[in-house]
Amino acid sequence: MKRAAFILLLTTSVMCSALWANASQEKEYFIFKSSYTRGRIVNALRQATVIRAGHRWDVIRTARDLRGWGVYPVHPLRPLLDVAAEVVGVKPPHGKMPPGCTGVLIGIVDTGIDLYNPDFVYSDGTNVFAYVWDQTSLTGPPPEGYSYGHECTTGDINQGECFVEDDGTSHGTHVAGILASLNSVYTGLCPDAMFVFVKVKFVETAVVDAVCYIAEKARSLNMPFVVNLSLGGQYGPHDGTTPFEDLIAECLGEDGLAVAAAGNDGNHFVHCGTSSTGPRACRLVPVSFFFPGGGSVEVELWANPPLVSRYAVGLMKDGSLIDISSWVKSGTIAVSSFTSDKGDFALSVTIDALDSPSAMNGADHVLFQIQGPEFDAYEYVILMEPQSQEVRWDMWISEGSAYFSTVTDTITVATSTVKLIPGDTFYTINVPATSPRIIATGSFVSRNSWYDKNGQLRSIGKTIGSLSTFSSKGPARGEGFVKPDVVAPGEVVVSSHADDSMVSSGYITEDGEHMVLWGTSVASPFVTGVAARLLDPCNGLSPQEVRELIWNSAVTDVFTGQVPNPSWGYGKLHFPLDILSSRGNIGECDDEPPGLILLNMKPQGNGKVEVEWMMDKPGRVRIMWEGSGMAGEFFQSTVSDAGKSVFSPGVGRVEVTLTIESLRGVSAVYGPYVFVNNIMRGFGCRFSPEGDLPGTLLLLLLVFQVMWVLAYTRREN
């Protein structure tokens with residue numbers, strides 16, 4: 001009741017704001033019920049929603065009137081982008097990829113994908129992807145429970161009716177290839193897993209929807225799952241308490257894992273912070289791209305413990321402070337303007353400290369926004385002045401083209417001398433990889449050269465085994481967990497290439513079908529693949545045990561030094577085959593396919609037949625219907641969930657066979673089933689020697705089919 005009253009009051013406030021707010025300035029906000037204890041959020045997720053509003057302060061004031069509710073803006077995100085499989089110990093040198101992942105669903109949330117790339121198509125013409133959700137599509141239909149995008153089912157995909165654009169970058173295709181590729185040379189880490197791909201709108205709410213969608217698919221099949229998130233941003237307190245991270249954690253539940261790219265800001269000075277009792281400042285240097293119309297930058301500051309501090313922005317030119325904005329105290333907001341040397345209006349400065357203390361974690365939260373036509377003509381200092389108690393504060397450039405100066409200096413503000421804190425590359429792990437529930441993946445150099453499609457040798461001149469300079473560094477601002485978790489091959493990685501991508505020919509490999517990329521985006525799927533192999537039900541491991549096993553099996557060398565540390569986490573990713581062997585977890589699963597029990601076969605009209613089945617024992621299989629005049633279609637099932645699908649056998653008299661193939665390589669064939677005008681007229685069974693049905697089940701199947709045929713004969717007579 002209280003929540004309903006809050007939403008009603010909040011909606012009324014937003015509607016009033018909309019009367020004078022420009023619609024183009026509206027943004028989405030997380031509204032969540034929260035209480036924080038020692039910097040952690042408690043029970044916020046089950047009472048979270050998203051609204052649109054023109055002005056954040058109206059939303060915050062309304063939420064404050066109803067105590068215990070928090071507000072945080074929804075932020076955009078960005079994508080973060082062979083030999084490597086051998087480096088992590090999954091594939092033996094010059095050997096074949098061993099079996100694994102057959103009982104696991106892998107979700108990939110990324111840009112577009114070249115869905116019908118040969119790397120993703122089995123020899124029988126079916127596809128490795130079971131479901132695809134294109135969130136950017138306007139055609140529909142969306143998945144059940146969602147109101148946007150277009151979902152492709154297994155049937156759509158295998159009949160060539162799923163159209164997803166790659167976006168020209170090959171990012172999603174490349175990431176997917178590392179996990180799912182069937183290519184004999186550049187084989188994915190888990191080609192025998194079940195795959196779900198989401199082409200995501202790069203905004204936090206859409207990513208949450210994608211993770212929940214993948215989780216729903218996995219749970220409907222009673223399968224453990226892992227989600228790969230090669231994306232992120234520098235918004236938030238970097239302590240794992242944003243609604244974005246908590247909602248992902250709720251979608252994952254106890255049976256899911258997520259792996260995220262740590263970020264590519266390891267050589268970008270986007271962080272500045274320290275602990276202090278007196279006034280401090282960080283010097284902000286804009287980067288000019290010579291675009292007309294000026295520029296802007298957004299900086300977020302988080303400070304603990306929450307005190308009534310005050311903040312300001314100073315304007316600098318030629319190393320001297322020439323102007324300063326009004327001071328803003330915690331819990332207030334102000335907009336100031338600077339004038340240019342000519343006296344005309346130049347810059348607008350907003351200091352928004354309304355969200356202090358924040359309902360997310362109890363920290364002071366201040367948002368600085370600087371924009372104007374002469375933005376890059378000056379430098380800026382962001383000043384904070386705490387009260388007498390020592391405060392730990394950190395700030396990040398969350399949007400815009402700028403960096404924090406690394407020069408240690410002082411400036412004079414009124415009668416005070418203020419120390420300038422240099423920017424650094426630590427605390428640069430991207431959100432949501434800062435969540436303790438998500439495995440954050442950094443990057444190291446696993447390859448430093450390749451031959452391009454013209455036969456020319458290309459080299460990046462890096463030392464194999466060293467940390468990639470771009471790999472974002474920890475620690476997380478939160479206490480009690482290490483970030484990054486591990487570091488994996490991310491420079492340079494060869495994987496699948498989309499036909500319609502606009503990648504330079506120098507990055508296309510000799511075969512013309514694959515390409516090189518580097519970034520923590522391509523390191524992340526290696527951890528996802530190892531996690532999927534460990535999650536295989538044959539191993540009997542829980543998601544938490546998998547996470548700990550990845551930490552404990554990471555290797556160290558002269559590059560990593562003593563671990564854990566903020567650059568390497570627990571060390572370099574390595575598949576713990578020796579640990580699994582010692583636990584007796586290898587080879588415990590039955591390789592034979594389950595037997596089939598047909599529950600129902602009935603015409604649906606329009607030349608279609610509905611089929612229902614179940615399995616006589618647990619197993620992951622591909623089910624293939626084949627017949628003249630129809631497209632092949634496969635489904636994957638477990639004994640706990642009876643399968644159900646519709647297919648089109650064709651017109652006239654058609655013989656259809658059904659093949660059940662264990663994803664470990666053993667198959668059984670059933671049929672032929674004879675259809676006349678989509679009515680099953682006859683029956684028959686033939687079995688491969690490896691996968692025979694038990695006698696009792698065979699008898700039940702035959703009895704059922706006889707009764708079914710007799711029933712249709714009586715109906716027609």
# chains A, B, ... in the order shown; residues from 1 in each chain; ligands from 1

$ select_by_dssp --residues "stretch 404-610 of chain A" --states "strand (DSSP E)" --output "VMD selection string"
chain A and resid 404 409 to 413 416 to 420 438 to 445 449 to 451 457 to 459 486 to 491 493 to 496 514 to 517 596 to 605 608 to 610

$ residues_around --residues "stretch 234-250 of chain A" --least-positions-apart "2" --cutoff "7 Å" --atoms "only C-alpha atoms" --output "compact mmCIF listing (two decimals) with all heavy atoms, in the first residue's frame"
# COMPACT_ATOMS: atom_id res chain seq x y z
N PHE A 30 16.21 4.85 -11.62
CA PHE A 30 15.86 3.75 -10.75
C PHE A 30 15.25 4.34 -9.48
O PHE A 30 15.82 5.24 -8.87
CB PHE A 30 17.10 2.94 -10.34
CG PHE A 30 17.71 2.12 -11.43
CD1 PHE A 30 18.94 2.46 -11.96
CD2 PHE A 30 17.07 0.98 -11.90
CE1 PHE A 30 19.53 1.69 -12.94
CE2 PHE A 30 17.65 0.20 -12.89
CZ PHE A 30 18.88 0.56 -13.41
N ARG A 40 26.13 -1.31 2.76
CA ARG A 40 25.54 -2.31 1.89
C ARG A 40 24.05 -2.09 1.77
O ARG A 40 23.38 -1.70 2.72
CB ARG A 40 25.78 -3.73 2.42
CG ARG A 40 27.25 -4.07 2.61
CD ARG A 40 28.03 -3.86 1.34
NE ARG A 40 27.49 -4.62 0.24
CZ ARG A 40 27.80 -4.38 -1.02
NH1 ARG A 40 28.60 -3.39 -1.33
NH2 ARG A 40 27.28 -5.11 -1.98
N ILE A 41 23.51 -2.41 0.62
CA ILE A 41 22.08 -2.24 0.38
C ILE A 41 21.33 -3.45 0.91
O ILE A 41 21.82 -4.55 0.89
CB ILE A 41 21.82 -2.04 -1.12
CG1 ILE A 41 20.49 -1.38 -1.35
CG2 ILE A 41 21.93 -3.33 -1.88
CD1 ILE A 41 20.33 -0.83 -2.74
N LEU A 45 15.88 -4.75 -3.90
CA LEU A 45 15.58 -5.19 -5.26
C LEU A 45 14.13 -5.51 -5.50
O LEU A 45 13.62 -5.30 -6.58
CB LEU A 45 16.44 -6.41 -5.58
CG LEU A 45 17.94 -6.16 -5.42
CD1 LEU A 45 18.71 -7.40 -5.78
CD2 LEU A 45 18.37 -5.00 -6.29
N GLU A 204 21.40 0.56 -18.96
CA GLU A 204 21.39 -0.37 -17.83
C GLU A 204 20.10 -1.18 -17.72
O GLU A 204 20.13 -2.39 -17.47
CB GLU A 204 21.64 0.40 -16.54
CG GLU A 204 23.05 0.93 -16.43
CD GLU A 204 23.24 1.85 -15.25
OE1 GLU A 204 22.26 2.48 -14.82
OE2 GLU A 204 24.39 1.97 -14.77
N VAL A 208 19.68 -5.35 -17.69
CA VAL A 208 18.99 -6.11 -16.65
C VAL A 208 17.94 -7.03 -17.28
O VAL A 208 17.84 -8.22 -16.94
CB VAL A 208 18.33 -5.18 -15.61
CG1 VAL A 208 17.42 -5.96 -14.67
CG2 VAL A 208 19.39 -4.43 -14.82
N VAL A 211 19.66 -10.08 -18.88
CA VAL A 211 20.11 -11.10 -17.93
C VAL A 211 18.92 -11.89 -17.39
O VAL A 211 18.98 -13.12 -17.27
CB VAL A 211 20.90 -10.44 -16.78
CG1 VAL A 211 21.28 -11.49 -15.73
CG2 VAL A 211 22.17 -9.77 -17.31
N LEU A 252 20.27 -13.29 -11.43
CA LEU A 252 21.15 -14.46 -11.39
C LEU A 252 20.69 -15.47 -10.35
O LEU A 252 20.78 -16.68 -10.57
CB LEU A 252 22.59 -14.03 -11.08
CG LEU A 252 23.30 -13.20 -12.14
CD1 LEU A 252 24.66 -12.75 -11.63
CD2 LEU A 252 23.46 -13.97 -13.44
N GLY A 253 20.20 -14.99 -9.21
CA GLY A 253 19.77 -15.90 -8.17
C GLY A 253 20.91 -16.75 -7.67
O GLY A 253 22.09 -16.37 -7.71
N TRP A 302 32.10 10.49 -4.72
CA TRP A 302 31.52 9.72 -3.62
C TRP A 302 32.44 9.85 -2.41
O TRP A 302 33.66 9.71 -2.54
CB TRP A 302 31.36 8.26 -4.00
CG TRP A 302 30.43 8.06 -5.15
CD1 TRP A 302 30.72 8.19 -6.48
CD2 TRP A 302 29.03 7.76 -5.08
NE1 TRP A 302 29.60 7.97 -7.23
CE2 TRP A 302 28.54 7.69 -6.40
CE3 TRP A 302 28.14 7.51 -4.02
CZ2 TRP A 302 27.22 7.41 -6.70
CZ3 TRP A 302 26.83 7.21 -4.30
CH2 TRP A 302 26.37 7.17 -5.63
N MET A 360 21.76 4.43 -1.58
CA MET A 360 22.40 3.20 -2.02
C MET A 360 23.40 2.68 -1.00
O MET A 360 23.45 1.50 -0.71
CB MET A 360 23.11 3.41 -3.36
CG MET A 360 22.16 3.58 -4.53
SD MET A 360 22.97 3.43 -6.13
CE MET A 360 24.18 4.72 -6.07
N ASN A 361 24.25 3.58 -0.49
CA ASN A 361 25.35 3.12 0.36
C ASN A 361 25.69 4.06 1.51
O ASN A 361 26.66 3.83 2.22
CB ASN A 361 26.61 2.90 -0.49
CG ASN A 361 27.00 4.15 -1.25
OD1 ASN A 361 26.46 5.23 -1.03
ND2 ASN A 361 27.97 4.01 -2.15
N TRP A 396 35.16 10.07 -10.44
CA TRP A 396 35.38 9.45 -11.74
C TRP A 396 34.79 10.32 -12.84
O TRP A 396 33.71 10.92 -12.66
CB TRP A 396 34.70 8.08 -11.82
CG TRP A 396 35.36 7.02 -11.01
CD1 TRP A 396 36.34 6.16 -11.42
CD2 TRP A 396 35.07 6.68 -9.65
NE1 TRP A 396 36.68 5.31 -10.40
CE2 TRP A 396 35.91 5.61 -9.30
CE3 TRP A 396 34.19 7.19 -8.70
CZ2 TRP A 396 35.90 5.03 -8.04
CZ3 TRP A 396 34.16 6.62 -7.44
CH2 TRP A 396 35.01 5.55 -7.12
N SER A 398 32.71 10.21 -15.65
CA SER A 398 31.75 9.21 -16.10
C SER A 398 31.26 9.47 -17.51
O SER A 398 30.70 8.58 -18.16
CB SER A 398 30.55 9.16 -15.14
OG SER A 398 29.97 10.44 -14.99
N ASN A 430 35.16 -1.12 -14.43
CA ASN A 430 33.86 -0.63 -14.90
C ASN A 430 32.71 -1.26 -14.13
O ASN A 430 32.79 -2.41 -13.68
CB ASN A 430 33.69 -0.92 -16.39
CG ASN A 430 34.40 0.08 -17.29
OD1 ASN A 430 33.97 0.34 -18.41
ND2 ASN A 430 35.51 0.65 -16.83
N VAL A 431 31.62 -0.51 -14.01
CA VAL A 431 30.36 -1.04 -13.52
C VAL A 431 29.69 -1.74 -14.71
O VAL A 431 29.68 -1.20 -15.81
CB VAL A 431 29.48 0.11 -13.00
CG1 VAL A 431 28.11 -0.39 -12.55
CG2 VAL A 431 30.19 0.87 -11.88
N PRO A 432 29.16 -2.99 -14.60
CA PRO A 432 28.82 -3.70 -13.36
C PRO A 432 29.88 -4.69 -12.87
O PRO A 432 29.59 -5.47 -11.97
CB PRO A 432 27.57 -4.47 -13.78
CG PRO A 432 27.85 -4.86 -15.20
CD PRO A 432 28.58 -3.66 -15.79
N THR A 434 32.17 -4.21 -10.99
CA THR A 434 32.49 -3.90 -9.60
C THR A 434 31.62 -4.67 -8.62
O THR A 434 31.87 -4.64 -7.41
CB THR A 434 32.32 -2.40 -9.36
OG1 THR A 434 31.07 -1.96 -9.91
CG2 THR A 434 33.44 -1.60 -9.99
N SER A 435 30.58 -5.35 -9.09
CA SER A 435 29.70 -6.12 -8.21
C SER A 435 30.42 -7.34 -7.66
O SER A 435 31.09 -8.06 -8.40
CB SER A 435 28.45 -6.57 -8.97
OG SER A 435 27.73 -7.53 -8.22
N PRO A 436 30.25 -7.64 -6.36
CA PRO A 436 30.88 -8.85 -5.82
C PRO A 436 30.26 -10.13 -6.37
O PRO A 436 30.86 -11.20 -6.29
CB PRO A 436 30.62 -8.73 -4.30
CG PRO A 436 29.47 -7.80 -4.17
CD PRO A 436 29.57 -6.85 -5.32
N ARG A 437 29.07 -10.05 -6.99
CA ARG A 437 28.43 -11.21 -7.59
C ARG A 437 28.90 -11.48 -9.02
O ARG A 437 28.52 -12.48 -9.62
CB ARG A 437 26.90 -11.03 -7.59
CG ARG A 437 26.23 -11.26 -6.26
CD ARG A 437 26.36 -12.71 -5.80
NE ARG A 437 26.03 -13.66 -6.86
CZ ARG A 437 24.81 -14.05 -7.15
NH1 ARG A 437 23.78 -13.57 -6.48
NH2 ARG A 437 24.60 -14.92 -8.12
N ALA A 476 38.22 -2.38 -5.91
CA ALA A 476 36.88 -1.81 -5.82
C ALA A 476 36.83 -0.89 -4.62
O ALA A 476 37.61 -1.03 -3.67
CB ALA A 476 35.84 -2.93 -5.68
N ARG A 477 35.92 0.07 -4.65
CA ARG A 477 35.79 0.97 -3.50
C ARG A 477 35.19 0.25 -2.30
O ARG A 477 35.40 0.65 -1.17
CB ARG A 477 34.93 2.18 -3.89
CG ARG A 477 35.07 3.35 -2.95
CD ARG A 477 34.53 4.63 -3.54
NE ARG A 477 34.79 5.75 -2.67
CZ ARG A 477 33.98 6.14 -1.69
NH1 ARG A 477 32.85 5.51 -1.48
NH2 ARG A 477 34.29 7.17 -0.93
N GLY A 478 34.41 -0.79 -2.56
CA GLY A 478 33.84 -1.56 -1.46
C GLY A 478 34.90 -2.40 -0.78
O GLY A 478 35.97 -2.68 -1.31

$ select_by_dssp --residues "stretch 417-524 of chain A" --states "alpha helix (DSSP H)" --output "JSON, numbers by chain"
{"A": [520, 521, 522, 523, 524]}

$ closest_residue --among "A:Asp394, A:Asn183, A:Tyr72, A:Thr509" --to "A:Ser123" --atoms "only C-alpha atoms"
A:Asn183

$ atom_distance --atom1 "atom CA of A:Ser230" --atom2 "atom CA of A:Ala488"
13.1 Å

$ residues_around --residues "A:Val413" --least-positions-apart "3" --cutoff "10 Å" --atoms "only C-alpha atoms" --output "list in words"
Pro279, Gly314, Leu321, Asp323, Ile324, Leu383, Thr410, Ser416, Thr417 and Val418 of chain A

$ write_last_selection --atoms "N, CA, C and O atoms" --output "PDB file, in the first residue's frame"
ATOM      1  N   PRO A 279      40.861  20.793   2.681  1.00  0.00           N
ATOM      2  CA  PRO A 279      40.421  20.982   1.295  1.00  0.00           C
ATOM      3  C   PRO A 279      41.389  20.341   0.309  1.00  0.00           C
ATOM      4  O   PRO A 279      42.606  20.394   0.480  1.00  0.00           O
ATOM      5  N   GLY A 314      36.458  25.360 -10.096  1.00  0.00           N
ATOM      6  CA  GLY A 314      37.249  26.526 -10.447  1.00  0.00           C
ATOM      7  C   GLY A 314      37.640  26.501 -11.910  1.00  0.00           C
ATOM      8  O   GLY A 314      37.844  25.426 -12.500  1.00  0.00           O
ATOM      9  N   LEU A 321      44.206  30.028 -11.430  1.00  0.00           N
ATOM     10  CA  LEU A 321      42.778  30.039 -11.138  1.00  0.00           C
ATOM     11  C   LEU A 321      42.238  31.428 -11.450  1.00  0.00           C
ATOM     12  O   LEU A 321      42.662  32.421 -10.866  1.00  0.00           O
ATOM     13  N   ASP A 323      38.640  32.028 -11.953  1.00  0.00           N
ATOM     14  CA  ASP A 323      37.258  32.210 -11.515  1.00  0.00           C
ATOM     15  C   ASP A 323      36.843  30.973 -10.734  1.00  0.00           C
ATOM     16  O   ASP A 323      37.461  29.917 -10.856  1.00  0.00           O
ATOM     17  N   ILE A 324      35.809  31.105  -9.930  1.00  0.00           N
ATOM     18  CA  ILE A 324      35.317  29.975  -9.150  1.00  0.00           C
ATOM     19  C   ILE A 324      33.810  30.069  -9.036  1.00  0.00           C
ATOM     20  O   ILE A 324      33.236  31.171  -8.973  1.00  0.00           O
ATOM     21  N   LEU A 383      36.818  21.142  -6.489  1.00  0.00           N
ATOM     22  CA  LEU A 383      37.256  21.338  -5.108  1.00  0.00           C
ATOM     23  C   LEU A 383      36.275  20.696  -4.144  1.00  0.00           C
ATOM     24  O   LEU A 383      35.059  20.778  -4.331  1.00  0.00           O
ATOM     25  N   THR A 410      49.795  22.868  -6.013  1.00  0.00           N
ATOM     26  CA  THR A 410      48.880  23.556  -5.105  1.00  0.00           C
ATOM     27  C   THR A 410      48.309  24.770  -5.814  1.00  0.00           C
ATOM     28  O   THR A 410      48.908  25.304  -6.758  1.00  0.00           O
ATOM     29  N   SER A 416      43.188  30.173   1.356  1.00  0.00           N
ATOM     30  CA  SER A 416      43.626  28.808   1.660  1.00  0.00           C
ATOM     31  C   SER A 416      44.507  28.262   0.542  1.00  0.00           C
ATOM     32  O   SER A 416      44.319  28.570  -0.637  1.00  0.00           O
ATOM     33  N   THR A 417      45.455  27.452   0.935  1.00  0.00           N
ATOM     34  CA  THR A 417      46.271  26.713  -0.031  1.00  0.00           C
ATOM     35  C   THR A 417      45.690  25.314  -0.173  1.00  0.00           C
ATOM     36  O   THR A 417      45.564  24.575   0.808  1.00  0.00           O
ATOM     37  N   VAL A 418      45.324  24.972  -1.400  1.00  0.00           N
ATOM     38  CA  VAL A 418      44.659  23.699  -1.653  1.00  0.00           C
ATOM     39  C   VAL A 418      45.598  22.798  -2.439  1.00  0.00           C
ATOM     40  O   VAL A 418      46.146  23.206  -3.471  1.00  0.00           O
TER      41      VAL A 418
END

$ closest_atom_pairs --of "stretch 194-244 of chain A" --to "stretch 513-521 of chain A" --cutoff "10 Å" --atoms "only C-alpha atoms" --output "Markdown table"
| residue | atom | partner | partner_atom | distance |
| --- | --- | --- | --- | --- |
| A:Asn228 | CA | A:Ser521 | CA | 9.4 |
| A:Leu229 | CA | A:Ser521 | CA | 8.0 |
| A:Ser230 | CA | A:Ser521 | CA | 4.5 |
| A:Leu231 | CA | A:Ser521 | CA | 6.9 |
| A:Gly232 | CA | A:Ser521 | CA | 9.6 |

$ write_last_selection --atoms "N, CA, C and O atoms" --output "mmCIF file, in the first residue's frame"
data_model
loop_
_atom_site.group_PDB
_atom_site.id
_atom_site.type_symbol
_atom_site.label_atom_id
_atom_site.label_comp_id
_atom_site.auth_asym_id
_atom_site.auth_seq_id
_atom_site.Cartn_x
_atom_site.Cartn_y
_atom_site.Cartn_z
ATOM 1 N N ASN A 228 27.635 -13.712 -20.174
ATOM 2 C CA ASN A 228 28.810 -12.903 -20.516
ATOM 3 C C ASN A 228 28.386 -11.466 -20.807
ATOM 4 O O ASN A 228 27.534 -11.212 -21.663
ATOM 5 N N LEU A 229 29.007 -10.512 -20.095
ATOM 6 C CA LEU A 229 28.709 -9.089 -20.248
ATOM 7 C C LEU A 229 29.988 -8.346 -20.629
ATOM 8 O O LEU A 229 30.741 -7.898 -19.766
ATOM 9 N N SER A 230 30.250 -8.237 -21.916
ATOM 10 C CA SER A 230 31.429 -7.503 -22.377
ATOM 11 C C SER A 230 31.056 -6.038 -22.587
ATOM 12 O O SER A 230 31.094 -5.506 -23.699
ATOM 13 N N LEU A 231 30.704 -5.370 -21.486
ATOM 14 C CA LEU A 231 30.221 -3.995 -21.530
ATOM 15 C C LEU A 231 30.405 -3.364 -20.158
ATOM 16 O O LEU A 231 30.663 -4.057 -19.170
ATOM 17 N N GLY A 232 30.242 -2.052 -20.083
ATOM 18 C CA GLY A 232 30.345 -1.382 -18.791
ATOM 19 C C GLY A 232 30.489 0.111 -18.932
ATOM 20 O O GLY A 232 30.445 0.677 -20.031
#

$ residues_around --residues "A:Glu385" --least-positions-apart "2" --cutoff "9 Å" --atoms "only C-alpha atoms" --output "PDB file with N, CA, C and O atoms, in the first residue's frame"
ATOM      1  N   THR A 277      41.582  15.479   5.542  1.00  0.00           N
ATOM      2  CA  THR A 277      40.828  16.235   6.547  1.00  0.00           C
ATOM      3  C   THR A 277      40.665  17.690   6.138  1.00  0.00           C
ATOM      4  O   THR A 277      39.876  18.416   6.734  1.00  0.00           O
ATOM      5  N   GLY A 278      41.411  18.112   5.137  1.00  0.00           N
ATOM      6  CA  GLY A 278      41.339  19.498   4.692  1.00  0.00           C
ATOM      7  C   GLY A 278      40.914  19.592   3.246  1.00  0.00           C
ATOM      8  O   GLY A 278      40.624  18.581   2.594  1.00  0.00           O
ATOM      9  N   PRO A 279      40.861  20.793   2.681  1.00  0.00           N
ATOM     10  CA  PRO A 279      40.421  20.982   1.295  1.00  0.00           C
ATOM     11  C   PRO A 279      41.389  20.341   0.309  1.00  0.00           C
ATOM     12  O   PRO A 279      42.606  20.394   0.480  1.00  0.00           O
ATOM     13  N   ARG A 280      40.827  19.721  -0.720  1.00  0.00           N
ATOM     14  CA  ARG A 280      41.610  19.098  -1.771  1.00  0.00           C
ATOM     15  C   ARG A 280      40.941  19.397  -3.106  1.00  0.00           C
ATOM     16  O   ARG A 280      39.769  19.771  -3.173  1.00  0.00           O
ATOM     17  N   ALA A 281      41.695  19.197  -4.211  1.00  0.00           N
ATOM     18  CA  ALA A 281      41.133  19.455  -5.538  1.00  0.00           C
ATOM     19  C   ALA A 281      41.754  18.506  -6.551  1.00  0.00           C
ATOM     20  O   ALA A 281      42.860  17.992  -6.353  1.00  0.00           O
ATOM     21  N   SER A 309      29.875  18.488   3.817  1.00  0.00           N
ATOM     22  CA  SER A 309      31.020  19.080   3.138  1.00  0.00           C
ATOM     23  C   SER A 309      30.506  20.116   2.143  1.00  0.00           C
ATOM     24  O   SER A 309      29.307  20.275   1.936  1.00  0.00           O
ATOM     25  N   ARG A 310      31.430  20.829   1.479  1.00  0.00           N
ATOM     26  CA  ARG A 310      31.023  21.756   0.423  1.00  0.00           C
ATOM     27  C   ARG A 310      31.942  21.590  -0.771  1.00  0.00           C
ATOM     28  O   ARG A 310      33.089  21.156  -0.648  1.00  0.00           O
ATOM     29  N   TYR A 311      31.399  21.950  -1.941  1.00  0.00           N
ATOM     30  CA  TYR A 311      32.064  21.657  -3.206  1.00  0.00           C
ATOM     31  C   TYR A 311      31.975  22.862  -4.130  1.00  0.00           C
ATOM     32  O   TYR A 311      31.034  23.658  -4.078  1.00  0.00           O
ATOM     33  N   ALA A 312      32.974  22.976  -5.024  1.00  0.00           N
ATOM     34  CA  ALA A 312      32.981  24.069  -6.005  1.00  0.00           C
ATOM     35  C   ALA A 312      33.783  23.630  -7.222  1.00  0.00           C
ATOM     36  O   ALA A 312      34.521  22.631  -7.191  1.00  0.00           O
ATOM     37  N   LEU A 383      36.818  21.142  -6.489  1.00  0.00           N
ATOM     38  CA  LEU A 383      37.256  21.338  -5.108  1.00  0.00           C
ATOM     39  C   LEU A 383      36.275  20.696  -4.144  1.00  0.00           C
ATOM     40  O   LEU A 383      35.059  20.778  -4.331  1.00  0.00           O
ATOM     41  N   GLN A 387      34.520  18.616   6.497  1.00  0.00           N
ATOM     42  CA  GLN A 387      34.598  19.159   7.850  1.00  0.00           C
ATOM     43  C   GLN A 387      35.827  18.574   8.536  1.00  0.00           C
ATOM     44  O   GLN A 387      36.674  17.963   7.899  1.00  0.00           O
TER      45      GLN A 387
END

$ residues_around --residues "A:Ser356" --least-positions-apart "4" --cutoff "6 Å" --atoms "only C-alpha atoms" --output "list in words"
Ser330, Gly331, Asp364 and His365 of chain A

$ write_last_selection --atoms "N, CA and C atoms" --output "PDB file, in the first residue's frame"
ATOM      1  N   SER A 330      26.542  19.722   0.876  1.00  0.00           N
ATOM      2  CA  SER A 330      25.863  18.438   0.743  1.00  0.00           C
ATOM      3  C   SER A 330      24.371  18.622   0.979  1.00  0.00           C
ATOM      4  N   GLY A 331      23.573  18.000   0.121  1.00  0.00           N
ATOM      5  CA  GLY A 331      22.130  18.100   0.250  1.00  0.00           C
ATOM      6  C   GLY A 331      21.507  19.247  -0.514  1.00  0.00           C
ATOM      7  N   ASP A 364      28.173  10.396   0.680  1.00  0.00           N
ATOM      8  CA  ASP A 364      27.858  11.637  -0.023  1.00  0.00           C
ATOM      9  C   ASP A 364      28.049  11.399  -1.514  1.00  0.00           C
ATOM     10  N   HIS A 365      27.101  11.901  -2.310  1.00  0.00           N
ATOM     11  CA  HIS A 365      27.154  11.720  -3.753  1.00  0.00           C
ATOM     12  C   HIS A 365      26.982  13.079  -4.402  1.00  0.00           C
TER      13      HIS A 365
END

$ closest_residue --among "A:Ala414, A:Val522, A:Val313, A:Val308" --to "A:Ser496" --atoms "only C-alpha atoms"
A:Val522

$ residues_around --residues "stretch 186-201 of chain A" --least-positions-apart "4" --cutoff "8 Å" --atoms "only C-alpha atoms" --output "PyMOL selection string"
chain A and resi 82+85+90+97+99-113+128-136+177-182+206-207+210+214+494-495+526+529-530+532-533+636+663

$ atom_distance --atom1 "atom CA of A:Gly233" --atom2 "atom CA of A:Val270"
11.3 Å

$ decode --residues "stretch 494-498 of chain A" --atoms "N, CA, C and O atoms" --output "JSON list (two decimals), in the first residue's frame"
[["chain", "number", "residue", "atom", "x", "y", "z"],
["A", 494, "VAL", "N", 42.13, -14.12, -31.83],
["A", 494, "VAL", "CA", 41.52, -14.39, -33.13],
["A", 494, "VAL", "C", 40.18, -15.08, -32.91],
["A", 494, "VAL", "O", 40.09, -16.05, -32.15],
["A", 495, "SER", "N", 39.14, -14.60, -33.58],
["A", 495, "SER", "CA", 37.82, -15.21, -33.45],
["A", 495, "SER", "C", 36.99, -14.88, -34.68],
["A", 495, "SER", "O", 37.49, -14.33, -35.66],
["A", 496, "SER", "N", 35.71, -15.19, -34.59],
["A", 496, "SER", "CA", 34.80, -15.09, -35.74],
["A", 496, "SER", "C", 34.64, -13.65, -36.22],
["A", 496, "SER", "O", 34.69, -12.71, -35.43],
["A", 497, "HIS", "N", 34.41, -13.52, -37.52],
["A", 497, "HIS", "CA", 34.31, -12.21, -38.17],
["A", 497, "HIS", "C", 33.00, -12.12, -38.93],
["A", 497, "HIS", "O", 32.63, -13.04, -39.68],
["A", 498, "ALA", "N", 32.26, -11.04, -38.73],
["A", 498, "ALA", "CA", 30.98, -10.86, -39.42],
["A", 498, "ALA", "C", 31.20, -10.40, -40.85],
["A", 498, "ALA", "O", 32.05, -9.54, -41.12]]
